[in-house]
>>> print(open('final_5.tsv').read())   # TSV, C-alpha atoms
chain	number	residue	atom	x	y	z
A	1	MET	CA	-61.10	29.80	-29.32
A	2	ALA	CA	-59.26	26.93	-27.64
A	3	ASP	CA	-62.18	24.61	-28.29
A	4	GLN	CA	-62.32	25.73	-31.92
A	5	ALA	CA	-58.58	25.15	-32.34
A	6	ASP	CA	-58.93	21.66	-30.88
A	7	LYS	CA	-61.67	20.87	-33.38
A	8	LEU	CA	-59.53	22.13	-36.24
A	9	ARG	CA	-56.67	19.90	-35.14
A	10	ASP	CA	-59.08	16.96	-34.98
A	11	LEU	CA	-60.29	17.84	-38.48
A	12	PHE	CA	-56.80	17.90	-39.94
A	13	SER	CA	-55.74	14.69	-38.15
A	14	GLY	CA	-58.84	12.88	-39.37
A	15	LYS	CA	-60.33	12.32	-35.89
A	16	ILE	CA	-63.56	13.95	-36.99
A	17	LYS	CA	-65.10	13.92	-40.43
A	18	PRO	CA	-65.04	17.13	-42.51
A	19	THR	CA	-68.81	16.88	-42.98
A	20	GLU	CA	-69.29	16.89	-39.20
A	21	PHE	CA	-67.05	19.91	-38.72
A	22	TRP	CA	-68.41	22.02	-41.55
A	23	ALA	CA	-72.05	21.11	-40.86
A	24	GLN	CA	-72.35	24.28	-38.75
A	25	ASN	CA	-71.50	26.36	-41.82
A	26	LYS	CA	-73.03	26.48	-45.28
A	27	THR	CA	-69.64	26.24	-46.96
A	28	ARG	CA	-68.80	23.19	-49.03
A	29	ILE	CA	-65.11	22.51	-49.52
A	30	ILE	CA	-64.05	20.57	-52.61
A	31	THR	CA	-60.47	19.49	-53.23
A	32	ILE	CA	-59.56	18.90	-56.88
A	33	ALA	CA	-56.60	16.55	-57.37
A	34	SER	CA	-54.88	14.42	-60.00
A	35	GLY	CA	-52.31	11.68	-60.14
A	36	LYS	CA	-50.16	13.56	-62.66
A	37	GLY	CA	-49.80	17.01	-64.13
A	38	GLY	CA	-51.16	18.21	-67.46
A	39	VAL	CA	-54.64	16.71	-67.12
A	40	GLY	CA	-56.50	20.02	-66.80
A	41	LYS	CA	-57.00	20.04	-63.03
A	42	THR	CA	-56.38	23.76	-62.59
A	43	SER	CA	-58.43	24.65	-65.65
A	44	LEU	CA	-61.36	22.71	-64.18
A	45	THR	CA	-60.93	24.45	-60.83
A	46	VAL	CA	-60.97	27.95	-62.30
A	47	ASN	CA	-63.84	27.42	-64.72
A	48	LEU	CA	-65.91	25.38	-62.27
A	49	ALA	CA	-65.64	28.27	-59.81
A	50	ILE	CA	-66.94	30.64	-62.48
A	51	ALA	CA	-69.76	28.25	-63.38
A	52	LEU	CA	-70.84	28.01	-59.74
A	53	SER	CA	-70.66	31.80	-59.45
A	54	LYS	CA	-72.90	32.14	-62.50
A	55	LYS	CA	-75.36	29.99	-60.54
A	56	GLY	CA	-75.43	32.61	-57.82
A	57	LYS	CA	-72.93	30.97	-55.45
A	58	LYS	CA	-70.13	32.71	-53.57
A	59	VAL	CA	-66.93	30.90	-54.47
A	60	MET	CA	-63.33	31.08	-53.37
A	61	ILE	CA	-60.35	29.26	-54.92
A	62	LEU	CA	-57.41	28.24	-52.78
A	63	ASP	CA	-54.40	27.67	-55.01
A	64	ALA	CA	-52.73	24.99	-52.89
A	65	ASP	CA	-50.29	23.83	-55.55
A	66	LEU	CA	-47.40	24.92	-53.39
A	67	GLY	CA	-44.47	25.27	-55.73
A	68	MET	CA	-46.16	25.26	-59.15
A	69	ALA	CA	-49.15	27.51	-58.57
A	70	ASN	CA	-50.75	28.93	-61.74
A	71	VAL	CA	-54.41	29.67	-61.01
A	72	ASP	CA	-53.61	33.37	-61.13
A	73	ILE	CA	-52.10	32.96	-64.61
A	74	LEU	CA	-55.21	31.23	-65.97
A	75	MET	CA	-57.31	34.04	-64.49
A	76	GLY	CA	-55.06	36.78	-65.88
A	77	ILE	CA	-54.23	38.11	-62.41
A	78	ALA	CA	-50.87	39.32	-61.05
A	79	PRO	CA	-51.04	38.98	-57.23
A	80	GLN	CA	-48.84	41.15	-55.03
A	81	TYR	CA	-48.88	38.64	-52.16
A	82	THR	CA	-49.34	34.88	-52.09
A	83	LEU	CA	-50.12	32.00	-49.80
A	84	PHE	CA	-46.42	31.89	-48.91
A	85	ASP	CA	-46.78	35.24	-47.14
A	86	VAL	CA	-49.55	33.74	-45.01
A	87	LEU	CA	-47.54	30.62	-44.21
A	88	GLN	CA	-44.64	32.83	-43.12
A	89	GLY	CA	-46.93	34.89	-40.91
A	90	LYS	CA	-46.34	38.11	-42.86
A	91	LYS	CA	-49.93	38.49	-44.08
A	92	THR	CA	-53.34	37.24	-43.10
A	93	LEU	CA	-55.45	35.28	-45.54
A	94	ARG	CA	-57.86	38.17	-45.92
A	95	GLU	CA	-55.01	40.51	-46.85
A	96	ILE	CA	-53.89	38.42	-49.83
A	97	VAL	CA	-57.28	37.43	-51.25
A	98	ILE	CA	-58.00	39.05	-54.62
A	99	GLU	CA	-61.08	39.10	-56.82
A	100	GLY	CA	-61.28	37.62	-60.30
A	101	ALA	CA	-63.91	37.02	-62.98
A	102	GLU	CA	-67.53	36.74	-61.87
A	103	GLY	CA	-66.56	37.87	-58.37
A	104	ILE	CA	-64.47	34.76	-57.67
A	105	LYS	CA	-62.21	35.14	-54.65
A	106	LEU	CA	-58.68	33.78	-55.10
A	107	VAL	CA	-56.05	32.84	-52.54
A	108	PRO	CA	-52.94	32.98	-54.76
A	109	GLY	CA	-50.45	30.14	-54.50
A	110	CYS	CA	-46.68	30.47	-54.33
A	111	SER	CA	-45.15	29.31	-57.58
A	112	GLY	CA	-41.53	28.23	-57.60
A	113	ILE	CA	-40.95	28.55	-53.83
A	114	PHE	CA	-39.55	25.21	-52.71
A	115	GLU	CA	-39.89	25.92	-48.99
A	116	ALA	CA	-43.65	26.15	-49.35
A	117	THR	CA	-43.86	22.48	-50.27
A	118	ASN	CA	-42.47	21.57	-46.86
A	119	ILE	CA	-44.75	23.55	-44.58
A	120	GLY	CA	-45.10	22.31	-41.03
A	121	ARG	CA	-48.15	21.01	-39.22
A	122	SER	CA	-48.68	24.18	-37.17
A	123	GLN	CA	-48.59	26.29	-40.34
A	124	ARG	CA	-51.21	24.07	-41.97
A	125	GLU	CA	-53.38	24.33	-38.87
A	126	ASP	CA	-53.14	28.11	-38.86
A	127	LEU	CA	-54.10	28.19	-42.52
A	128	ILE	CA	-57.11	25.93	-41.91
A	129	GLN	CA	-58.22	28.18	-39.07
A	130	GLU	CA	-58.06	31.25	-41.28
A	131	LEU	CA	-59.93	29.36	-44.00
A	132	GLU	CA	-62.61	28.41	-41.50
A	133	ASN	CA	-63.08	32.06	-40.56
A	134	TYR	CA	-63.26	33.17	-44.20
A	135	ALA	CA	-65.48	30.23	-45.14
A	136	ARG	CA	-68.43	31.69	-43.28
A	137	GLU	CA	-68.87	34.09	-46.20
A	138	MET	CA	-68.54	31.49	-48.98
A	139	ASP	CA	-70.82	28.83	-50.43
A	140	PHE	CA	-67.92	26.90	-51.98
A	141	ILE	CA	-64.17	26.73	-51.49
A	142	LEU	CA	-62.38	24.94	-54.32
A	143	ILE	CA	-58.86	23.75	-53.46
A	144	ASP	CA	-56.52	23.23	-56.39
A	145	THR	CA	-53.75	20.92	-55.17
A	146	GLY	CA	-50.46	19.91	-56.70
A	147	ALA	CA	-50.36	16.82	-58.88
A	148	GLY	CA	-49.54	13.49	-57.28
A	149	ILE	CA	-49.39	12.61	-53.61
A	150	SER	CA	-47.59	14.49	-50.87
A	151	GLN	CA	-48.25	15.21	-47.21
A	152	VAL	CA	-49.53	18.66	-48.15
A	153	VAL	CA	-51.91	17.30	-50.82
A	154	LEU	CA	-53.27	14.67	-48.44
A	155	GLY	CA	-53.77	17.33	-45.79
A	156	PHE	CA	-55.98	19.39	-48.07
A	157	ILE	CA	-57.84	16.27	-49.19
A	158	VAL	CA	-58.59	15.30	-45.59
A	159	SER	CA	-59.86	18.84	-44.94
A	160	ALA	CA	-62.41	18.71	-47.75
A	161	ASP	CA	-66.01	17.60	-47.86
A	162	ASP	CA	-65.58	16.16	-51.34
A	163	VAL	CA	-62.72	15.13	-53.60
A	164	ILE	CA	-62.68	15.38	-57.39
A	165	ILE	CA	-60.06	13.31	-59.21
A	166	VAL	CA	-59.29	14.47	-62.76
A	167	VAL	CA	-57.94	12.02	-65.34
A	168	THR	CA	-57.63	11.88	-69.12
A	169	PRO	CA	-58.14	8.79	-71.32
A	170	GLU	CA	-54.36	8.31	-71.52
A	171	PRO	CA	-53.24	5.06	-69.82
A	172	THR	CA	-50.65	6.85	-67.67
A	173	SER	CA	-53.24	9.31	-66.40
A	174	ILE	CA	-55.70	6.53	-65.59
A	175	THR	CA	-52.99	4.59	-63.75
A	176	ASP	CA	-51.85	7.62	-61.76
A	177	GLY	CA	-55.45	8.59	-61.01
A	178	TYR	CA	-56.11	5.12	-59.67
A	179	GLY	CA	-52.94	5.42	-57.60
A	180	ILE	CA	-54.19	8.46	-55.71
A	181	ILE	CA	-57.60	6.83	-55.18
A	182	LYS	CA	-55.83	3.75	-53.81
A	183	ILE	CA	-54.06	5.84	-51.18
A	184	LEU	CA	-57.29	7.57	-50.17
A	185	SER	CA	-58.87	4.15	-49.72
A	186	ARG	CA	-55.92	2.57	-47.93
A	187	PHE	CA	-55.79	5.25	-45.25
A	188	ASN	CA	-59.58	5.68	-45.18
A	189	LEU	CA	-59.34	9.40	-45.98
A	190	HIS	CA	-62.62	9.45	-47.90
A	191	LYS	CA	-65.43	6.98	-48.46
A	192	GLN	CA	-65.95	8.14	-52.03
A	193	VAL	CA	-64.36	10.26	-54.73
A	194	HIS	CA	-65.86	12.05	-57.70
A	195	LEU	CA	-64.35	11.36	-61.09
A	196	VAL	CA	-64.03	13.79	-64.00
A	197	ILE	CA	-62.72	12.58	-67.35
A	198	ASN	CA	-61.05	15.39	-69.29
A	199	MET	CA	-60.00	15.67	-72.95
A	200	ALA	CA	-62.29	12.85	-74.06
A	201	ASN	CA	-62.94	12.59	-77.80
A	202	ASN	CA	-66.37	11.04	-77.38
A	203	LEU	CA	-68.75	9.53	-74.84
A	204	GLN	CA	-67.53	5.97	-75.40
A	205	GLU	CA	-63.93	6.92	-74.65
A	206	ALA	CA	-65.01	8.72	-71.48
A	207	GLN	CA	-67.13	5.77	-70.33
A	208	GLU	CA	-64.33	3.29	-70.99
A	209	SER	CA	-61.80	5.42	-69.11
A	210	ALA	CA	-64.05	5.68	-66.07
A	211	HIS	CA	-64.89	1.97	-66.21
A	212	LYS	CA	-61.20	1.00	-66.08
A	213	ILE	CA	-60.85	2.78	-62.75
A	214	GLU	CA	-64.20	1.62	-61.41
A	215	ILE	CA	-63.70	-2.05	-62.11
A	216	VAL	CA	-60.30	-2.20	-60.37
A	217	ALA	CA	-61.47	-0.04	-57.47
A	218	ASP	CA	-64.54	-2.22	-57.00
A	219	ARG	CA	-62.39	-5.34	-56.87
A	220	TYR	CA	-59.55	-4.16	-54.65
A	221	LEU	CA	-60.55	-0.97	-52.83
A	222	HIS	CA	-63.14	0.04	-50.26
A	223	ILE	CA	-64.14	3.34	-51.83
A	224	ASN	CA	-66.99	4.49	-54.03
A	225	ILE	CA	-66.21	6.02	-57.42
A	226	LYS	CA	-68.84	8.54	-58.52
A	227	ARG	CA	-68.90	9.87	-62.08
A	228	LEU	CA	-69.25	13.62	-61.83
A	229	GLY	CA	-68.86	14.53	-65.48
A	230	VAL	CA	-66.78	14.63	-68.64
A	231	MET	CA	-64.99	17.47	-70.40
A	232	TYR	CA	-64.69	16.82	-74.13
A	233	PHE	CA	-61.62	17.89	-76.06
A	234	ASP	CA	-61.99	21.49	-77.21
A	235	ASN	CA	-59.35	23.73	-78.82
A	236	ASN	CA	-60.88	26.67	-76.99
A	237	VAL	CA	-59.11	25.47	-73.84
A	238	LYS	CA	-55.67	26.07	-75.36
A	239	ARG	CA	-56.81	29.40	-76.76
A	240	SER	CA	-58.10	30.58	-73.38
A	241	VAL	CA	-54.83	29.61	-71.68
A	242	LYS	CA	-52.82	31.68	-74.17
A	243	GLU	CA	-55.23	34.57	-73.69
A	244	MET	CA	-55.05	34.18	-69.87
A	245	THR	CA	-58.82	34.33	-69.72
A	246	PRO	CA	-60.98	31.41	-68.48
A	247	PHE	CA	-62.98	29.79	-71.27
A	248	MET	CA	-66.15	30.23	-69.21
A	249	VAL	CA	-65.62	33.96	-69.77
A	250	ARG	CA	-64.02	34.05	-73.22
A	251	TYR	CA	-65.97	31.21	-74.86
A	252	PRO	CA	-69.15	30.79	-72.78
A	253	ARG	CA	-71.03	29.03	-75.61
A	254	SER	CA	-68.28	26.51	-76.35
A	255	GLN	CA	-68.62	22.77	-75.79
A	256	ILE	CA	-66.10	22.82	-72.95
A	257	ALA	CA	-67.99	25.64	-71.20
A	258	ARG	CA	-71.21	23.62	-71.42
A	259	ASP	CA	-69.41	20.58	-70.04
A	260	VAL	CA	-68.16	22.48	-67.00
A	261	MET	CA	-71.54	24.11	-66.45
A	262	GLN	CA	-73.07	20.64	-66.42
A	263	ILE	CA	-70.52	19.53	-63.81
A	264	ALA	CA	-71.55	22.55	-61.72
A	265	ASN	CA	-75.19	21.53	-62.10
A	266	ASN	CA	-74.33	18.00	-60.99
A	267	ILE	CA	-72.60	19.32	-57.89
A	268	LEU	CA	-75.53	21.54	-57.00
A	269	GLU	CA	-78.10	18.84	-57.71
A	270	GLN	CA	-76.09	16.00	-56.17
A	271	LYS	CA	-76.15	14.10	-59.43
A	272	ILE	CA	-73.48	12.15	-61.29
A	273	GLY	CA	-73.02	11.00	-64.86
A	274	PHE	CA	-71.59	11.88	-68.27
A	275	ASN	CA	-73.12	14.27	-70.78
A	276	GLN	CA	-72.98	13.20	-74.41
A	277	GLY	CA	-71.25	16.28	-75.79
A	278	SER	CA	-74.30	17.53	-77.65
A	279	THR	CA	-74.61	21.20	-78.50
A	280	ASN	CA	-77.92	21.11	-76.62
A	281	PHE	CA	-77.01	22.35	-73.16
A	282	ALA	CA	-80.29	21.15	-71.68
A	283	GLN	CA	-79.66	17.56	-72.73
A	284	LYS	CA	-79.83	15.20	-69.80
A	285	LEU	CA	-76.85	13.21	-68.67
A	286	ILE	CA	-76.52	9.49	-69.25
A	287	GLY	CA	-77.01	7.27	-66.22
A	288	LEU	CA	-77.74	9.99	-63.69
A	289	PHE	CA	-78.78	8.98	-60.21
A	290	LYS	CA	-78.77	10.60	-56.80
>>> encode(input="final_5.tsv", output="structure tokens")
Amino acid sequence: MADQADKLRDLFSGKIKPTEFWAQNKTRIITIASGKGGVGKTSLTVNLAIALSKKGKKVMILDADLGMANVDILMGIAPQYTLFDVLQGKKTLREIVIEGAEGIKLVPGCSGIFEATNIGRSQREDLIQELENYAREMDFILIDTGAGISQVVLGFIVSADDVIIVVTPEPTSITDGYGIIKILSRFNLHKQVHLVINMANNLQEAQESAHKIEIVADRYLHINIKRLGVMYFDNNVKRSVKEMTPFMVRYPRSQIARDVMQIANNILEQKIGFNQGSTNFAQKLIGLFK
């Protein structure tokens, strides 16, 4: 156990790469982040988990937005205990995990609890150790972080195999998204990030939004930007939020559901690119490459 704890500390401090640590397990950990709130990060997390589950994968969501957690709300779940109980040592991770749609496992976050946003290093290490133990049963762990950059957000990013940055075509979102990528590059936290453009009106707008980030990153940063997919604007997203039911469940044939399913396919197939928003789900993405 001592050796395992040492490895976990090395993982969190960045001394070893996440891919080296998790290579012994089948679990793939993906942190989903954004430079600002309101870009659909949590919605992507929840519905991507369902899409991966529909593909036969065992998926767990860790709601790591410590202070403004709302994954449970989008899933229509009222948890009795949250991540805060684990951080305080009152409950184990396994005791607070609940099951949602399509068998998704959820580690509920702690909304509105300020102290949770200032958790110490030892608490983070204990949480990572419990995650490692639970991860043996999962194919994917999706970590929904808070918006912006904080020590806690960076800790979860470092602990992940892959990072997805969500932005919208709005200039402020693009700027803030680039800001978080800049920090990841500056401190060499990841060699590459995966980009998802949300709320795009058409393919051209999505391509232009991604290009704005890529061209600046290519010029000034040492990090690869990989296009993972695009989520086109769809009123069914707002409807599903009001109904507290993920759109992958409530509106499985909608455009937005097809978009997220394509992102899941890209993750499973190690492909990147943007779909064109056609009603034909089988339509190939533009510019895919491995």
>>> atom_distance(input="final_5.tsv", atom1="CA of Gln255 in chain A", atom2="CA of Tyr232 in chain A")
7.3 Å
>>> residues_near_point(input="final_5.tsv", point="(-64.8, 29.1, -47.6)", cutoff="12 Å", atoms="only C-alpha atoms", output="number ranges by chain")
A: 22, 25-31, 57-62, 93-94, 97, 104-107, 127-143, 159-161
>>> atom_distance(input="final_5.tsv", atom1="CA of Leu268 in chain A", atom2="CA of Leu52 in chain A")
8.4 Å
>>> closest_residue(input="final_5.tsv", among="A:Asn236, A:Ser254, A:Gln204, A:Asn70", to="Gly146 in chain A", atoms="all atoms listed in the file")
A:Asn70
>>> closest_residue(input="final_5.tsv", among="A:Pro79, A:Gly35, A:Gly103, A:Gly109", to="Ile174 in chain A", atoms="only C-alpha atoms")
A:Gly35
>>> residues_near_point(input="final_5.tsv", point="(-56.6, 29.4, -62.6)", cutoff="9 Å", atoms="all atoms listed in the file", output="list in words")
Thr42, Ser43, Leu44, Thr45, Val46, Asn47, Ile61, Asp63, Ala69, Asn70, Val71, Asp72, Ile73, Leu74, Met75, Gly76, Leu106, Asp144, Met244, Thr245 and Pro246 of chain A
>>> atom_distance(input="final_5.tsv", atom1="CA of His211 in chain A", atom2="CA of Asn265 in chain A")
22.5 Å
>>> closest_residue(input="final_5.tsv", among="A:Thr168, A:Ala51, A:Tyr220, A:Tyr251", to="Arg239 in chain A", atoms="all atoms listed in the file")
A:Tyr251
>>> closest_residue(input="final_5.tsv", among="A:Leu189, A:Met231, A:Ile223, A:Ala217", to="Asn202 in chain A", atoms="all atoms listed in the file")
A:Met231
>>> closest_residue(input="final_5.tsv", among="A:Ile164, A:Ala64, A:Ala78, A:Ile256", to="Asn201 in chain A", atoms="only C-alpha atoms")
A:Ile256
>>> closest_residue(input="final_5.tsv", among="A:Ile50, A:Gly177, A:Gly229, A:Gly155", to="Arg250 in chain A", atoms="only C-alpha atoms")
A:Ile50
>>> residues_around(input="final_5.tsv", residues="Ile225 in chain A", least_positions_apart="5", cutoff="7 Å", atoms="all atoms listed in the file", output="list in words")
Gln192, Val193, His194, Leu195 and Glu214 of chain A
>>> write_last_selection(input="final_5.tsv", atoms="C-alpha atoms", output="PDB file, in the coordinates of the input")
ATOM      1  CA  GLN A 192     -65.950   8.140 -52.030  1.00  0.00           C
ATOM      2  CA  VAL A 193     -64.360  10.260 -54.730  1.00  0.00           C
ATOM      3  CA  HIS A 194     -65.860  12.050 -57.700  1.00  0.00           C
ATOM      4  CA  LEU A 195     -64.350  11.360 -61.090  1.00  0.00           C
ATOM      5  CA  GLU A 214     -64.200   1.620 -61.410  1.00  0.00           C
TER       6      GLU A 214
END
